[in-house]
Amino acid sequence: MRSLQLHGDRDLRLEEIDPPPPPAAGEVQIRIRAVALNYLDVWGFRGMAFAKRKMPQAAGVEAAGEIICVGEGVTGLSVGDTVTAYGAETCGHCKACVNGRDNLCENVAGIMGFHIDGFAREYLNKAARLVIKAPPGVTFEDAACAPIGFGTVQHMLFDNAKLEPGESILIHAGGSGIGTAAIMMAKAIGCTVYTTVGDDEKGRKAKELGADFVVNYKTERFEGEVRQLTKRQGVDVVFEHVGADTWNGSLLCLKRGGRLVTCGATSGASATINLMQLFQQQYRITGSFGCRIENISQSLDKMAAGMKPVIDSVFPLEDFEKGLARLEGRQVFGKVVVTF
């Protein structure tokens with residue numbers, strides 16, 4: 001079977017590997033149909049030092065496909081179902097897993113496609129407890145965006161930031177995969193959305209998606225613009241995933257008692273913070289990593305109800321390098337998907 005195999009830094013190859021055996025008890029076998037690309041793929045491709053892994057390794061951190069075989073004892077899943085899967089190999093029995101807080105698993109074996117073999121292979125076996133069935137009408141390309149593209153946002157906005165209808169929110173990088181999803185989810189509950197983008201064309205698309213106010217961060221200081229637009233009141237929530245370049249500006253955009261939720265650091269992992277500002281303004285800062293399995297199910301339900309992921313481009317497996325280059329070059333508005 002075909003698989004995208006990472007052999008080393010910037011050495012990703014399309015190769016033939018051995019197919020998996022029949023699924024064991026409690027497992028299903030999935031034929032992968034679509035892989036959605038993320039910055040985790042870019043980081044893995046670049047060779048991030050903190051990712052301990054054994055090469056070669058199958059790439060791909062989120063995907064969707066169809067079940068082609070069901071192991072003994074599996075219920076609720078059938079051959080032919082369109083499914084996606086949780087992207088971390090959790091233990092299923094620690095306190096966090098039992099309580100549905102999968103992303104806090106105490107014995108996690110790693111993130112697929114980053115620490116351990118990922119989804120970019122034609123067939124794989126997966127524990128049925130980590131497989132989520134898509135409702136009718138959800139395509140493979142859309143379902144491939146559920147675990148990270150939508151699930152991360154669902155967890156950030158509603159589990160962590162506790163975003164309420166009618167609140168105001170600043171969403172950074174509104175043209176990114178999670179940025180576009182955040183705009184849609186926030187607008188769906190009647191929030192006022194401010195977003196940053198890197199060029200005017202992305203700004204136009206962000207407004208078409210529902211953003212109320214758009215700031216081109218390359219030509220304007222976003223913190224100054226947001227303060228002015230909110231009459232110096234600030235926003236209720238900041239959706240942060242850029243990191244060092246936007247961190248202090250993001251805090252300046254918050255109103256007193258505002259909440260900042262962060263899941264990324266693409267521009268740098270270290271930032272300073274004014275502690276007096278933090279406690280005087282009573283900010284609430286929350287880290288958010290991945291999502292819970294329930295968040296993926298919630299995301300698929302939103303897709304089935306009409307909230308479709310913004311897909312920038314779709315590439316066949318043979319052209320995966322073009323998709324990766326498009327993402328790495330930040331040329332995207334939405335998600336890049338590779339189809340098998």
# chains A, B, ... in the order shown; residues from 1 in each chain; ligands from 1
>>> residues_around(residues="A:Asn216", least_positions_apart="2", cutoff="8 Å", atoms="only C-alpha atoms", output="number ranges by chain")
A: 196-200, 203, 214, 218-220, 222
>>> select_by_dssp(residues="stretch 165-213 of chain A", states="strand (DSSP E)", output="number ranges by chain")
A: 168-171, 192-197, 213
>>> write_last_selection(atoms="N, CA and C atoms", output="short mmCIF file (atom, residue, chain, number, x, y, z; two decimals), in the first residue's frame")
data_model
loop_
_atom_site.label_atom_id
_atom_site.label_comp_id
_atom_site.auth_asym_id
_atom_site.auth_seq_id
_atom_site.Cartn_x
_atom_site.Cartn_y
_atom_site.Cartn_z
N SER A 168 -17.74 39.70 22.11
CA SER A 168 -16.80 40.13 21.07
C SER A 168 -15.54 39.28 21.17
N ILE A 169 -14.93 39.02 20.00
CA ILE A 169 -13.77 38.14 19.97
C ILE A 169 -12.80 38.59 18.89
N LEU A 170 -11.51 38.56 19.23
CA LEU A 170 -10.44 38.79 18.27
C LEU A 170 -9.86 37.43 17.88
N ILE A 171 -9.91 37.13 16.59
CA ILE A 171 -9.40 35.86 16.08
C ILE A 171 -8.17 36.14 15.22
N THR A 192 -19.55 39.37 17.83
CA THR A 192 -18.88 40.37 16.99
C THR A 192 -17.44 39.91 16.81
N VAL A 193 -17.05 39.72 15.54
CA VAL A 193 -15.76 39.11 15.24
C VAL A 193 -14.79 40.12 14.65
N TYR A 194 -13.63 40.25 15.29
CA TYR A 194 -12.48 41.01 14.78
C TYR A 194 -11.44 39.97 14.39
N THR A 195 -10.77 40.17 13.26
CA THR A 195 -9.77 39.19 12.87
C THR A 195 -8.58 39.87 12.21
N THR A 196 -7.42 39.24 12.32
CA THR A 196 -6.21 39.73 11.66
C THR A 196 -5.90 38.84 10.46
N VAL A 197 -5.38 39.46 9.41
CA VAL A 197 -4.98 38.73 8.20
C VAL A 197 -3.69 39.34 7.67
N PHE A 213 -14.95 42.93 11.45
CA PHE A 213 -13.85 43.87 11.28
C PHE A 213 -12.58 43.10 10.97
#
>>> atom_distance(atom1="atom CA of A:Gly118", atom2="atom CA of A:Gln57")
7.4 Å
>>> residues_around(residues="A:Glu223", least_positions_apart="2", cutoff="6 Å", atoms="only C-alpha atoms", output="list in words")
Arg221, Glu225, Val226, Gly249 and Cys253 of chain A
>>> write_last_selection(atoms="C-alpha atoms", output="PDB file, in the first residue's frame")
ATOM      1  CA  ARG A 221      -0.860  47.617  14.412  1.00  0.00           C
ATOM      2  CA  GLU A 225      -6.989  49.168  15.537  1.00  0.00           C
ATOM      3  CA  VAL A 226      -8.920  46.855  17.858  1.00  0.00           C
ATOM      4  CA  GLY A 249      -0.696  43.004  21.613  1.00  0.00           C
ATOM      5  CA  CYS A 253      -6.872  44.011  23.117  1.00  0.00           C
TER       6      CYS A 253
END
>>> residues_around(residues="stretch 233-238 of chain A", least_positions_apart="2", cutoff="8 Å", atoms="only C-alpha atoms", output="JSON, numbers by chain")
{"A": [161, 163, 167, 168, 169, 170, 171, 172, 226, 227, 230, 231, 240, 250, 252, 253, 254, 255, 256, 257, 258, 259, 260, 261]}
>>> write_last_selection(atoms="N, CA and C atoms", output="PDB file, in the first residue's frame")
ATOM      1  N   ALA A 161     -12.541  28.941  26.572  1.00  0.00           N
ATOM      2  CA  ALA A 161     -12.847  30.375  26.630  1.00  0.00           C
ATOM      3  C   ALA A 161     -14.272  30.646  27.109  1.00  0.00           C
ATOM      4  N   LEU A 163     -16.978  30.968  25.404  1.00  0.00           N
ATOM      5  CA  LEU A 163     -17.550  32.027  24.569  1.00  0.00           C
ATOM      6  C   LEU A 163     -19.071  31.992  24.631  1.00  0.00           C
ATOM      7  N   GLU A 167     -20.958  38.028  22.532  1.00  0.00           N
ATOM      8  CA  GLU A 167     -19.688  38.581  22.997  1.00  0.00           C
ATOM      9  C   GLU A 167     -18.839  39.018  21.801  1.00  0.00           C
ATOM     10  N   SER A 168     -17.738  39.705  22.108  1.00  0.00           N
ATOM     11  CA  SER A 168     -16.802  40.130  21.074  1.00  0.00           C
ATOM     12  C   SER A 168     -15.544  39.280  21.170  1.00  0.00           C
ATOM     13  N   ILE A 169     -14.934  39.021  20.002  1.00  0.00           N
ATOM     14  CA  ILE A 169     -13.772  38.140  19.970  1.00  0.00           C
ATOM     15  C   ILE A 169     -12.798  38.591  18.891  1.00  0.00           C
ATOM     16  N   LEU A 170     -11.508  38.561  19.235  1.00  0.00           N
ATOM     17  CA  LEU A 170     -10.440  38.789  18.270  1.00  0.00           C
ATOM     18  C   LEU A 170      -9.861  37.433  17.882  1.00  0.00           C
ATOM     19  N   ILE A 171      -9.906  37.128  16.593  1.00  0.00           N
ATOM     20  CA  ILE A 171      -9.402  35.858  16.081  1.00  0.00           C
ATOM     21  C   ILE A 171      -8.171  36.142  15.224  1.00  0.00           C
ATOM     22  N   HIS A 172      -7.030  35.667  15.681  1.00  0.00           N
ATOM     23  CA  HIS A 172      -5.810  35.886  14.916  1.00  0.00           C
ATOM     24  C   HIS A 172      -5.723  34.946  13.722  1.00  0.00           C
ATOM     25  N   VAL A 226      -7.864  47.482  17.063  1.00  0.00           N
ATOM     26  CA  VAL A 226      -8.920  46.855  17.858  1.00  0.00           C
ATOM     27  C   VAL A 226      -9.348  47.760  19.008  1.00  0.00           C
ATOM     28  N   ARG A 227      -8.391  48.404  19.654  1.00  0.00           N
ATOM     29  CA  ARG A 227      -8.737  49.336  20.740  1.00  0.00           C
ATOM     30  C   ARG A 227      -9.606  50.477  20.212  1.00  0.00           C
ATOM     31  N   THR A 230     -13.169  49.233  19.274  1.00  0.00           N
ATOM     32  CA  THR A 230     -14.002  48.910  20.445  1.00  0.00           C
ATOM     33  C   THR A 230     -14.137  50.100  21.393  1.00  0.00           C
ATOM     34  N   LYS A 231     -13.744  51.306  20.894  1.00  0.00           N
ATOM     35  CA  LYS A 231     -13.811  52.532  21.723  1.00  0.00           C
ATOM     36  C   LYS A 231     -13.046  52.352  23.024  1.00  0.00           C
ATOM     37  N   GLU A 240      -5.925  33.088  20.329  1.00  0.00           N
ATOM     38  CA  GLU A 240      -4.494  33.275  20.060  1.00  0.00           C
ATOM     39  C   GLU A 240      -3.852  31.950  19.653  1.00  0.00           C
ATOM     40  N   SER A 250      -2.087  41.066  21.959  1.00  0.00           N
ATOM     41  CA  SER A 250      -3.340  40.372  22.260  1.00  0.00           C
ATOM     42  C   SER A 250      -3.862  40.741  23.639  1.00  0.00           C
ATOM     43  N   LEU A 252      -3.316  43.498  25.220  1.00  0.00           N
ATOM     44  CA  LEU A 252      -3.793  44.883  25.167  1.00  0.00           C
ATOM     45  C   LEU A 252      -5.177  44.993  24.543  1.00  0.00           C
ATOM     46  N   CYS A 253      -5.551  43.985  23.768  1.00  0.00           N
ATOM     47  CA  CYS A 253      -6.872  44.011  23.117  1.00  0.00           C
ATOM     48  C   CYS A 253      -7.998  43.536  24.035  1.00  0.00           C
ATOM     49  N   LEU A 254      -7.653  42.976  25.180  1.00  0.00           N
ATOM     50  CA  LEU A 254      -8.678  42.440  26.081  1.00  0.00           C
ATOM     51  C   LEU A 254      -9.311  43.540  26.934  1.00  0.00           C
ATOM     52  N   LYS A 255     -10.595  43.430  27.178  1.00  0.00           N
ATOM     53  CA  LYS A 255     -11.250  44.297  28.150  1.00  0.00           C
ATOM     54  C   LYS A 255     -10.938  43.786  29.549  1.00  0.00           C
ATOM     55  N   ARG A 256     -11.245  44.530  30.551  1.00  0.00           N
ATOM     56  CA  ARG A 256     -11.022  44.073  31.933  1.00  0.00           C
ATOM     57  C   ARG A 256     -11.809  42.789  32.169  1.00  0.00           C
ATOM     58  N   GLY A 257     -11.133  41.810  32.736  1.00  0.00           N
ATOM     59  CA  GLY A 257     -11.768  40.519  32.977  1.00  0.00           C
ATOM     60  C   GLY A 257     -11.868  39.659  31.739  1.00  0.00           C
ATOM     61  N   GLY A 258     -11.206  40.074  30.652  1.00  0.00           N
ATOM     62  CA  GLY A 258     -11.268  39.321  29.408  1.00  0.00           C
ATOM     63  C   GLY A 258     -10.517  38.008  29.473  1.00  0.00           C
ATOM     64  N   ARG A 259     -10.785  37.150  28.483  1.00  0.00           N
ATOM     65  CA  ARG A 259     -10.188  35.808  28.452  1.00  0.00           C
ATOM     66  C   ARG A 259      -9.359  35.632  27.185  1.00  0.00           C
ATOM     67  N   LEU A 260      -8.166  35.126  27.340  1.00  0.00           N
ATOM     68  CA  LEU A 260      -7.321  34.769  26.211  1.00  0.00           C
ATOM     69  C   LEU A 260      -7.124  33.266  26.222  1.00  0.00           C
ATOM     70  N   VAL A 261      -7.370  32.628  25.084  1.00  0.00           N
ATOM     71  CA  VAL A 261      -7.142  31.193  24.961  1.00  0.00           C
ATOM     72  C   VAL A 261      -6.129  30.982  23.851  1.00  0.00           C
TER      73      VAL A 261
END
>>> closest_residue(among="A:Phe45, A:Phe340, A:Phe140, A:Phe320", to="A:Arg2", atoms="only C-alpha atoms")
A:Phe340
>>> atom_distance(atom1="atom CA of A:Glu62", atom2="atom CA of A:Thr286")
24.0 Å
>>> closest_residue(among="A:Thr84, A:Asn248, A:Gln5, A:Gln154", to="A:Ile116", atoms="only C-alpha atoms")
A:Gln5
>>> closest_residue(among="A:Ala144, A:Lys205, A:Ser288, A:Glu294", to="A:Arg129", atoms="only C-alpha atoms")
A:Glu294
>>> residues_around(residues="A:Asn274", least_positions_apart="2", cutoff="12 Å", atoms="only C-alpha atoms", output="list of chain:residue names")
A:Trp247, A:Asn248, A:Gly249, A:Leu251, A:Leu252, A:Ala271, A:Thr272, A:Met276, A:Gln277, A:Leu278, A:Phe279, A:Gln280, A:Gln281, A:Tyr283
>>> closest_residue(among="A:Val336, A:Ala120, A:Ile111, A:Cys263", to="A:Leu157", atoms="only C-alpha atoms")
A:Cys263
>>> atom_distance(atom1="atom CA of A:Arg330", atom2="atom CA of A:Gly175")
9.2 Å
>>> closest_residue(among="A:Ile32, A:Val108, A:Ile17, A:Val310", to="A:Gly177", atoms="only C-alpha atoms")
A:Val310
>>> select_by_dssp(residues="stretch 93-186 of chain A", states="alpha helix (DSSP H)", output="list in words")
Lys95, Ala96, Cys97, Val98, Phe140, Glu141, Asp142, Ala143, Gly151, Thr152, Val153, Gln154, Gly177, Ile178, Gly179, Thr180, Ala181, Ala182, Ile183, Met184, Met185 and Ala186 of chain A
>>> write_last_selection(atoms="C-alpha atoms", output="compact mmCIF listing (two decimals), in the first residue's frame")
# COMPACT_ATOMS: atom_id res chain seq x y z
CA LYS A 95 -8.64 9.30 35.11
CA ALA A 96 -8.50 11.86 32.31
CA CYS A 97 -9.57 9.38 29.63
CA VAL A 98 -12.39 7.98 31.77
CA PHE A 140 -14.26 12.65 3.28
CA GLU A 141 -12.56 16.01 2.65
CA ASP A 142 -14.71 17.77 5.24
CA ALA A 143 -14.47 14.97 7.82
CA GLY A 151 -12.12 20.07 17.01
CA THR A 152 -9.33 22.34 18.24
CA VAL A 153 -11.56 25.39 17.77
CA GLN A 154 -14.56 23.77 19.43
CA GLY A 177 -7.58 26.56 8.96
CA ILE A 178 -8.51 27.10 12.59
CA GLY A 179 -8.98 30.84 12.04
CA THR A 180 -11.67 30.29 9.41
CA ALA A 181 -13.41 27.73 11.62
CA ALA A 182 -13.29 30.12 14.60
CA ILE A 183 -14.91 32.91 12.56
CA MET A 184 -17.76 30.62 11.54
CA MET A 185 -18.33 29.19 15.02
CA ALA A 186 -18.27 32.60 16.70
>>> closest_residue(among="A:Asn160, A:Asp117, A:Arg13, A:Thr82", to="A:Arg284", atoms="only C-alpha atoms")
A:Asn160
